[in-house]
Each structure stands twice: as C-alpha cells, then as structure tokens.
Amino acid sequence: MTAGENPVDPELSQAYDRWTTAAAGVLAKSARVSPEELSESPESLLSTPTRDGVVVRPLYTRKDEADEPGVPGVFPFIRGADPARDVTQGWRVTERFGDASGETDASALNESILDATANGTSGLWLAIGDGLGTDDLSTVLTGIYLDLMPVTLDAGADGIAAARAFLAALESAPAAPEKAPTTAATTHSLGLSPYTAAFSGRPSVSMPEAAALAAEAPAGVRTFRVDGTDFAQAGASNAQELGLIVAAAVAHIRDAVAAGLDTAAALGQITFGVSIGDDQFAGIAKLRALRTLWARVAEVLGAPESGAAVTHAVTDLAMFTQRDPWVNMLRSTVAAFGAGVGGADQVTVHTFDAAIPIDSRTSRTSFTRRIARNTQLVLLEESNLGRVLDPAGGSWYVESLTADLAAAAWAVFTDVERKGGYQASLDAGDVAAQVSQALAAREDAVAHRTAPVTGVSEFPNLGEPALADGSADTEDLPTAAPNLARVARRFEALRDRADAAPSRPRLLMLPLGPIAEHNGRTTFIANLLAAGGIDAINPGPLTPAEIGAAVEANASDVAVLCGTKARYADDGAAAAAAARAAGVRRLLVAGPEREWAAAEPIDGHLKVGIDAVSVLTDLLDALVLETTTDTAPTATAGA
C-alpha cells in the first residue's frame, strides 16, 4: 500500500468534507466570489508544487497513511542505514580541512584537527592537493583513532595517490586500546567520484584506475563517493540530483563488477555525498528517498541486504549568499536539522562566509569554523536530535513527500538507463540539458521573487560594505564545483555593479496621499530597488503641486509614483504631468496596470511578480549612466 491508497472510514471522509467546505468559504471570501465560483478545489488552490513537480498539499490525514517501512538498518533502509547507531553520538559532525584557505602545514593541521576533535568534531573531510600533499597524510592523522573517526578524501586528480597514502596510514596506525566495530557512520571514503566530476568539471581520476582500487579496498573503506553536490551546485532539483547520483552509482557498480568484485562487494564500495538546502522537510525526505532508491537498486541486482546507502550530507553551497552572509547561519541550521532528522550518517556545515571570495572574508577562520561546528553540536547535544532514529518516520506528510520524491527521482534514473546509462547520457548532453532546464526554472523563480532570498532579493541592506566588483560570479571557492550557480548571484551581480558606480544610484519616489495610503507601496519599492543596489529617495507625502520642488531637490531622471488605485484616479494625471514638467524623463508607477486609468502616459509598472532582475538591470543602465554624467553632488547610501 502506498501513500494516499489507505481506505477512508466514513467519519474521516466527513471530517475532510467539512474542512473542504470551510476552506472554500475562506478562499471565496478573500477572492470576493461565491464558493461555487472558485476556479479549483480548495486543496488544489492551497497546494504548492515543488521544482520536481511534487505537489505539497495543505492537509495530510489518515488517508495518506502507508505501510510501516521497517526499522533502521533493515531493507528497505528507508529509516536509516545503521541498525546500531549510538544515539548518544548521533550523526558524525564532519569538518573539512586542508583547503588552501586554511592551514596546510601538516603538523599545524594535525594540531587543528586534534583541537577540533576535542571540541566536537567527529568526522574528517580532507582536501589534498592545493596545499596538503599525499605524503603529509600520516602526519595529519597522527593521534586520530581511525576506528572512531571516519575520513573522507577529496584529492581530485591526485585521488589514487592520496587513497594509497591513506590506506598505508590506516594500516600503520597504532591499534586502539579497544577497537570499535565499523558502522555506516565510521566508514572511510576514498572520495573518488570520476563520473559526477565529469559533469561538473572537477579534476578527478580515471574510471579504470578507480575501479581497480575498489577491488583492493579493505573492510571499512569505500572507494567511491558519488557526489550529488556536482549536480546541485549547477542548479539540479532534488529529484534530478537523486536520480543522477543513483545512475552514476549504478555505473560504478558495473565497473566494479567488471574489475572482479561480486555485486554485494561492489555495492559496499559506494558512499553518497548529498546536498541539503534550507527546506527542512525537503532535506528530510531527500535522504529518506535516496535510501529507498538505493535499496531498490540493490534488490534488482539481487543483493538487497547490501543496499544500505551511506550518506554524507553537505549544506548546499548554491544557497549561500555573499550579501548579508550572517543569514547563512540560519540557512545552515535548517539544513543541518533536515540532514540530521533525515538520517544522514555524516553532516558537514559550511562556514557562513563560504560563498565569499577568500580574500574578501572579514571573519576569522577559527570563528567561522566554530560557528559551523556548533550549529550541529547544539542540535545534537542541546536539542537531542540524534537520540531518536528517523523521528519524522510515520508522519503522513513526510512519508508522502518521501514516496513522491523517490518516484520523481526514479523517473530521472530510469530515463538515464533507457538512454544507455550514465556515461552515454552524459556524453550525449542529456544530463547537462535537464540540469540546465532546472536551473533556468529556478533562475526565473528567483528573478520574479517567488523564490525569495532573504538579505538579497528581500530585505537587502544597502549599508553593507562593498565587495570586490564581480565577486558574485566567483567560483574559486573551497568545495565549489566549476559550474557553481549560486541562487543569489544575479541579484548580487547587480549589487556589485551598483557599488562600483561613482556614487550610489538613486531613484526618486513620489508618494501620493497620506502615509497610511502609500506606505505599503513605498516600502515595496524601496525593498525592490535595494535588491539591485539602488537607493530609493522618499521625500514624504506629496501633492501634485509639490512634485516639481521634490524633483528639483532630488535631481533624478527616473521617478516612481506611489499611491493607491483611488489616489491614482484622483491625482494620477496631475502628478504625472508635474513630474514630466519637472524634468523626469522616465516615470514609473507602483502597482499593476489595471490601477492606472489616467490618460497621461507612463513608462512602466513596478509590481509584484515582475522579473526583478530584468527591471533592475534596465534601471541601473539608466541610473549608472546618470551618475557618471551628473556633476551635481549626490547622497550615497551606506557611505
């Protein structure tokens, strides 16, 4: 039985009908129509589609109840890969070391790692190649109990050499006083991901070399890290990321079997890197759906008992902003919550300034690392999230969302398989095409502000210190794929451009009527313009007769009238004429077209639902030109 198929008893059906009737009444009242005139059912009107086409309904009831999915560590592994996770430990707090932006001296890095482990770090993600060499691994890992501390390598083109150096260090490491058994949470990963790296453009090793190494890997060590961040950072949706990493993992299984491993052993060579964003329920469902998918693959391959997906969740770098980066702490907290509740075996939280070019960062690395680490520790040790395995299991909503997301991802995977498998789809450009399509849809939603970005497209702070011009497009960041497409980058590029102007671009608002009338729209306009780095000048309530003086006092070729529909009917024509007479060459109106009935022509409308990126780009074209040619003194916001 699947979600939504449960027989409904009469009492539940009647209760649902009562809710539908009540909801229809409220929706009809707000739309000023009768309930019978509503365009769709209340459930449809209140439902929200995700980027994957999954519909989130407003109400889940017992009719959505599905069969019990089992217990953690047992097929189909929906509730977790590890049947014996230490609930006092929870997931592993995995911290990344070795990037060029941090400490790269082997002895000093070892001290940093030991200090981090004393302060809550329980997993290591080591970057090798930029500053840390493969020969440094034994020094870096000195004093680390490798039976308790899972290590994941990220060595790019040096992956084979780094893997062999790690295996040598692992073999020569002093024996622990009492060796702990290997679990999903303590499994080491050599981090080789040639298939996903081939999509993103990250350097990697050849697939035959990786497959040969997999045949030699000892117990407790897995060779492949199928990395979903390669797709997520390029703009892939959740279902696409899951479907594509499963397709890549299946390609690895085929190669490993061809290299001499049996199917069960090949399945035991896979770990998954999964990006987690700031939608907590999507993050929970994403990890549960991945385990569902991988268990199904293992079942089809004839080794269902080997289908436990080992997962390393990483906060999605694409969601991180350069502007108002402190908000990234909140994004990371929500993402870490989703990863932990979703059953990730390891979780890495990026530092809140991870999207800012290294040379432009103003916070100390020790501080940003501590905040990232403590984000997880608070969830684990104060909120006790790790003490219950799969706490969201049984929720009608979460179970439905898991099943729907798994179905959408399975469709992506099977489509890749029909086209000849992962490598064939990649070579044909099919993978790039579908990710590009998802990115375009995401960009459109962000541009229209239906997918708001706090601190960037909504509630921006013009008083922030300017970043280096062009920083929004920076991709040379630790853990960033070469095809990184951050959600906020187009708005931040506008901010970069505005900050680089000789003086802050300004646009004059012309508020009509008392504050109570126009305050909502002046606030909207100021927020919209600030998203593009434009300072909105508000001279206060104006009558048409006062507009000329306001324009003269705040010289601007561009202005926007702000008022209500009734005010536009009474004063709109006179106000527009006065603005034109005062020298305003481009006159905009706050609000939709239907509210402007005056014969006086205007040049556009600023309203909810516009393509804000396009409109702000156009305005900057005009205003930046104005600031470069205007020699009159101008005020600069945030100076």
# chains A, B, ... in the order shown; residues from 1 in each chain; ligands from 1
call {"tool": "select_by_dssp", "arguments": {"residues": "range 9-238 of chain A", "states": "strand (DSSP E or B)", "output": "MDAnalysis selection string"}}
result
chainID A and resid 48:49 55:56 92:97 123:127 151:154 188:192 221:227
call {"tool": "write_last_selection", "arguments": {"atoms": "N, CA, C and O atoms", "output": "short mmCIF file (atom, residue, chain, number, x, y, z; two decimals), in the first residue's frame"}}
result
data_model
loop_
_atom_site.label_atom_id
_atom_site.label_comp_id
_atom_site.auth_asym_id
_atom_site.auth_seq_id
_atom_site.Cartn_x
_atom_site.Cartn_y
_atom_site.Cartn_z
N THR A 48 1.10 23.41 -3.11
CA THR A 48 2.32 24.06 -3.60
C THR A 48 3.15 23.05 -4.39
O THR A 48 3.60 22.05 -3.83
N PRO A 49 3.38 23.30 -5.67
CA PRO A 49 4.25 22.40 -6.44
C PRO A 49 5.71 22.71 -6.17
O PRO A 49 6.10 23.87 -6.02
N VAL A 55 3.74 17.71 -5.56
CA VAL A 55 2.75 18.64 -5.02
C VAL A 55 2.66 18.48 -3.50
O VAL A 55 2.39 17.38 -2.99
N VAL A 56 2.90 19.57 -2.79
CA VAL A 56 2.75 19.58 -1.34
C VAL A 56 1.34 20.07 -1.03
O VAL A 56 1.00 21.20 -1.32
N ARG A 92 27.74 11.95 12.55
CA ARG A 92 29.11 12.42 12.70
C ARG A 92 29.22 13.87 12.23
O ARG A 92 28.82 14.21 11.11
N VAL A 93 29.76 14.70 13.10
CA VAL A 93 29.98 16.12 12.79
C VAL A 93 31.27 16.18 11.99
O VAL A 93 32.38 16.16 12.56
N THR A 94 31.16 16.23 10.69
CA THR A 94 32.32 16.11 9.80
C THR A 94 32.81 17.49 9.36
O THR A 94 32.07 18.25 8.74
N GLU A 95 34.06 17.78 9.68
CA GLU A 95 34.64 19.09 9.38
C GLU A 95 35.70 18.93 8.29
O GLU A 95 36.43 17.94 8.25
N ARG A 96 35.75 19.91 7.40
CA ARG A 96 36.67 19.85 6.27
C ARG A 96 37.98 20.59 6.60
O ARG A 96 37.96 21.71 7.12
N PHE A 97 39.10 19.97 6.25
CA PHE A 97 40.42 20.55 6.48
C PHE A 97 41.27 20.39 5.22
O PHE A 97 41.03 19.50 4.41
N GLY A 123 34.20 13.65 12.56
CA GLY A 123 34.47 13.12 11.23
C GLY A 123 35.36 14.10 10.49
O GLY A 123 35.32 15.31 10.74
N LEU A 124 36.20 13.59 9.58
CA LEU A 124 37.14 14.44 8.85
C LEU A 124 36.90 14.35 7.35
O LEU A 124 36.67 13.26 6.81
N TRP A 125 36.99 15.50 6.69
CA TRP A 125 36.91 15.59 5.23
C TRP A 125 38.18 16.32 4.81
O TRP A 125 38.32 17.52 5.06
N LEU A 126 39.13 15.61 4.19
CA LEU A 126 40.45 16.16 3.93
C LEU A 126 40.61 16.52 2.46
O LEU A 126 40.45 15.68 1.57
N ALA A 127 40.93 17.79 2.20
CA ALA A 127 41.24 18.27 0.86
C ALA A 127 42.74 18.12 0.65
O ALA A 127 43.55 18.61 1.44
N VAL A 151 37.03 9.16 7.83
CA VAL A 151 37.79 10.09 6.99
C VAL A 151 37.28 10.00 5.57
O VAL A 151 37.13 8.90 5.02
N THR A 152 37.02 11.14 4.97
CA THR A 152 36.65 11.24 3.56
C THR A 152 37.72 12.06 2.86
O THR A 152 38.09 13.14 3.33
N LEU A 153 38.23 11.55 1.74
CA LEU A 153 39.28 12.25 1.00
C LEU A 153 38.67 13.03 -0.16
O LEU A 153 37.67 12.62 -0.76
N ASP A 154 39.30 14.15 -0.49
CA ASP A 154 38.96 14.93 -1.67
C ASP A 154 40.27 15.37 -2.29
O ASP A 154 40.83 16.40 -1.92
N HIS A 188 35.13 4.80 6.20
CA HIS A 188 36.01 5.72 5.49
C HIS A 188 35.65 5.75 4.00
O HIS A 188 35.23 4.74 3.43
N SER A 189 35.86 6.89 3.37
CA SER A 189 35.63 7.02 1.93
C SER A 189 36.87 7.58 1.26
O SER A 189 37.39 8.63 1.67
N LEU A 190 37.35 6.90 0.23
CA LEU A 190 38.50 7.40 -0.52
C LEU A 190 38.11 8.56 -1.43
O LEU A 190 38.99 9.20 -2.01
N GLY A 191 36.82 8.82 -1.55
CA GLY A 191 36.35 10.05 -2.18
C GLY A 191 36.46 10.11 -3.68
O GLY A 191 36.39 11.21 -4.25
N LEU A 192 36.63 9.00 -4.35
CA LEU A 192 36.77 9.04 -5.81
C LEU A 192 35.40 9.16 -6.47
O LEU A 192 34.50 8.35 -6.21
N VAL A 221 36.43 0.50 4.38
CA VAL A 221 36.83 1.57 3.47
C VAL A 221 36.05 1.43 2.16
O VAL A 221 35.99 0.34 1.58
N ARG A 222 35.46 2.52 1.73
CA ARG A 222 34.72 2.53 0.45
C ARG A 222 35.43 3.47 -0.52
O ARG A 222 35.88 4.54 -0.14
N THR A 223 35.48 3.06 -1.75
CA THR A 223 36.27 3.79 -2.75
C THR A 223 35.55 4.98 -3.33
O THR A 223 36.11 6.07 -3.46
N PHE A 224 34.29 4.79 -3.69
CA PHE A 224 33.57 5.81 -4.47
C PHE A 224 32.73 6.71 -3.57
O PHE A 224 32.01 6.23 -2.68
N ARG A 225 32.81 7.99 -3.83
CA ARG A 225 31.90 8.95 -3.20
C ARG A 225 31.12 9.60 -4.33
O ARG A 225 31.59 10.54 -4.98
N VAL A 226 29.94 9.10 -4.58
CA VAL A 226 29.11 9.63 -5.66
C VAL A 226 28.52 10.94 -5.16
O VAL A 226 27.70 10.96 -4.25
N ASP A 227 28.96 12.03 -5.78
CA ASP A 227 28.77 13.35 -5.19
C ASP A 227 27.63 14.12 -5.83
O ASP A 227 27.76 14.67 -6.93
#
call {"tool": "residues_around", "arguments": {"residues": "range 429-433 of chain A", "least_positions_apart": "6", "cutoff": "9 Å", "atoms": "only C-alpha atoms", "output": "NGL selection string"}}
result
:A and (199 or 244 or 416 or 419 or 422)
call {"tool": "closest_residue", "arguments": {"among": "A:Ala211, A:Ala576, A:Ala498, A:Ala285", "to": "Val624 in chain A", "atoms": "only C-alpha atoms"}}
result
A:Ala498
call {"tool": "select_by_dssp", "arguments": {"residues": "range 69-304 of chain A", "states": "alpha helix (DSSP H)", "output": "number ranges by chain"}}
result
A: 106-118, 137-140, 159-172, 194-200, 207-214, 229-232, 238-258, 263-267, 280-300
call {"tool": "residues_around", "arguments": {"residues": "Ala169 in chain A", "least_positions_apart": "5", "cutoff": "12 Å", "atoms": "only C-alpha atoms", "output": "list in words"}}
result
Thr134, Asp135, Asp136, Leu137, Ser138, Thr139, Val140, Leu141, Thr142, Gly143, Ile144, Tyr145, Leu146, Val151, Ala162, Ala163, Arg164, Pro174 and Ala175 of chain A
call {"tool": "write_last_selection", "arguments": {"atoms": "C-alpha atoms", "output": "PDB file, in the first residue's frame"}}
result
ATOM      1  CA  THR A 134      49.666  12.999  -0.144  1.00  0.00           C
ATOM      2  CA  ASP A 135      52.911  12.471   1.767  1.00  0.00           C
ATOM      3  CA  ASP A 136      51.516  14.570   4.609  1.00  0.00           C
ATOM      4  CA  LEU A 137      48.623  12.253   5.427  1.00  0.00           C
ATOM      5  CA  SER A 138      50.395  10.158   8.042  1.00  0.00           C
ATOM      6  CA  THR A 139      51.423  13.334   9.887  1.00  0.00           C
ATOM      7  CA  VAL A 140      47.985  14.887   9.596  1.00  0.00           C
ATOM      8  CA  LEU A 141      46.317  11.792  11.039  1.00  0.00           C
ATOM      9  CA  THR A 142      48.721  11.308  13.951  1.00  0.00           C
ATOM     10  CA  GLY A 143      46.813  10.716  17.173  1.00  0.00           C
ATOM     11  CA  ILE A 144      43.471  10.144  15.435  1.00  0.00           C
ATOM     12  CA  TYR A 145      41.561   6.988  16.330  1.00  0.00           C
ATOM     13  CA  LEU A 146      40.601   5.943  12.828  1.00  0.00           C
ATOM     14  CA  VAL A 151      37.788  10.091   6.994  1.00  0.00           C
ATOM     15  CA  ALA A 162      46.055  10.033  -1.846  1.00  0.00           C
ATOM     16  CA  ALA A 163      43.992   6.872  -1.450  1.00  0.00           C
ATOM     17  CA  ARG A 164      47.071   4.684  -1.314  1.00  0.00           C
ATOM     18  CA  PRO A 174      48.646   2.248  16.229  1.00  0.00           C
ATOM     19  CA  ALA A 175      45.952  -0.130  17.353  1.00  0.00           C
TER      20      ALA A 175
END
call {"tool": "residues_around", "arguments": {"residues": "Gly201 in chain A", "least_positions_apart": "6", "cutoff": "8 Å", "atoms": "only C-alpha atoms", "output": "ChimeraX atom specification"}}
result
/A:481-483
call {"tool": "residues_around", "arguments": {"residues": "Gly386 in chain A", "least_positions_apart": "6", "cutoff": "6 Å", "atoms": "only C-alpha atoms", "output": "list of chain:residue names"}}
result
A:Val87, A:Gly90, A:Leu380
call {"tool": "residues_around", "arguments": {"residues": "range 19-23 of chain A", "least_positions_apart": "4", "cutoff": "12 Å", "atoms": "only C-alpha atoms", "output": "list in words"}}
result
Leu12, Ser13, Gln14, Ala15, Leu27, Ala28, Lys29, Ser30, Ser34, Pro35, Glu36, Leu38, Glu40, Ser41, Pro42, Glu43, Ser44, Leu45, Leu46, Pro58, Leu59, Tyr60 and Thr61 of chain A
call {"tool": "closest_residue", "arguments": {"among": "A:Pro218, A:Pro502, A:Gly455, A:Pro544", "to": "Arg323 in chain A", "atoms": "only C-alpha atoms"}}
result
A:Gly455
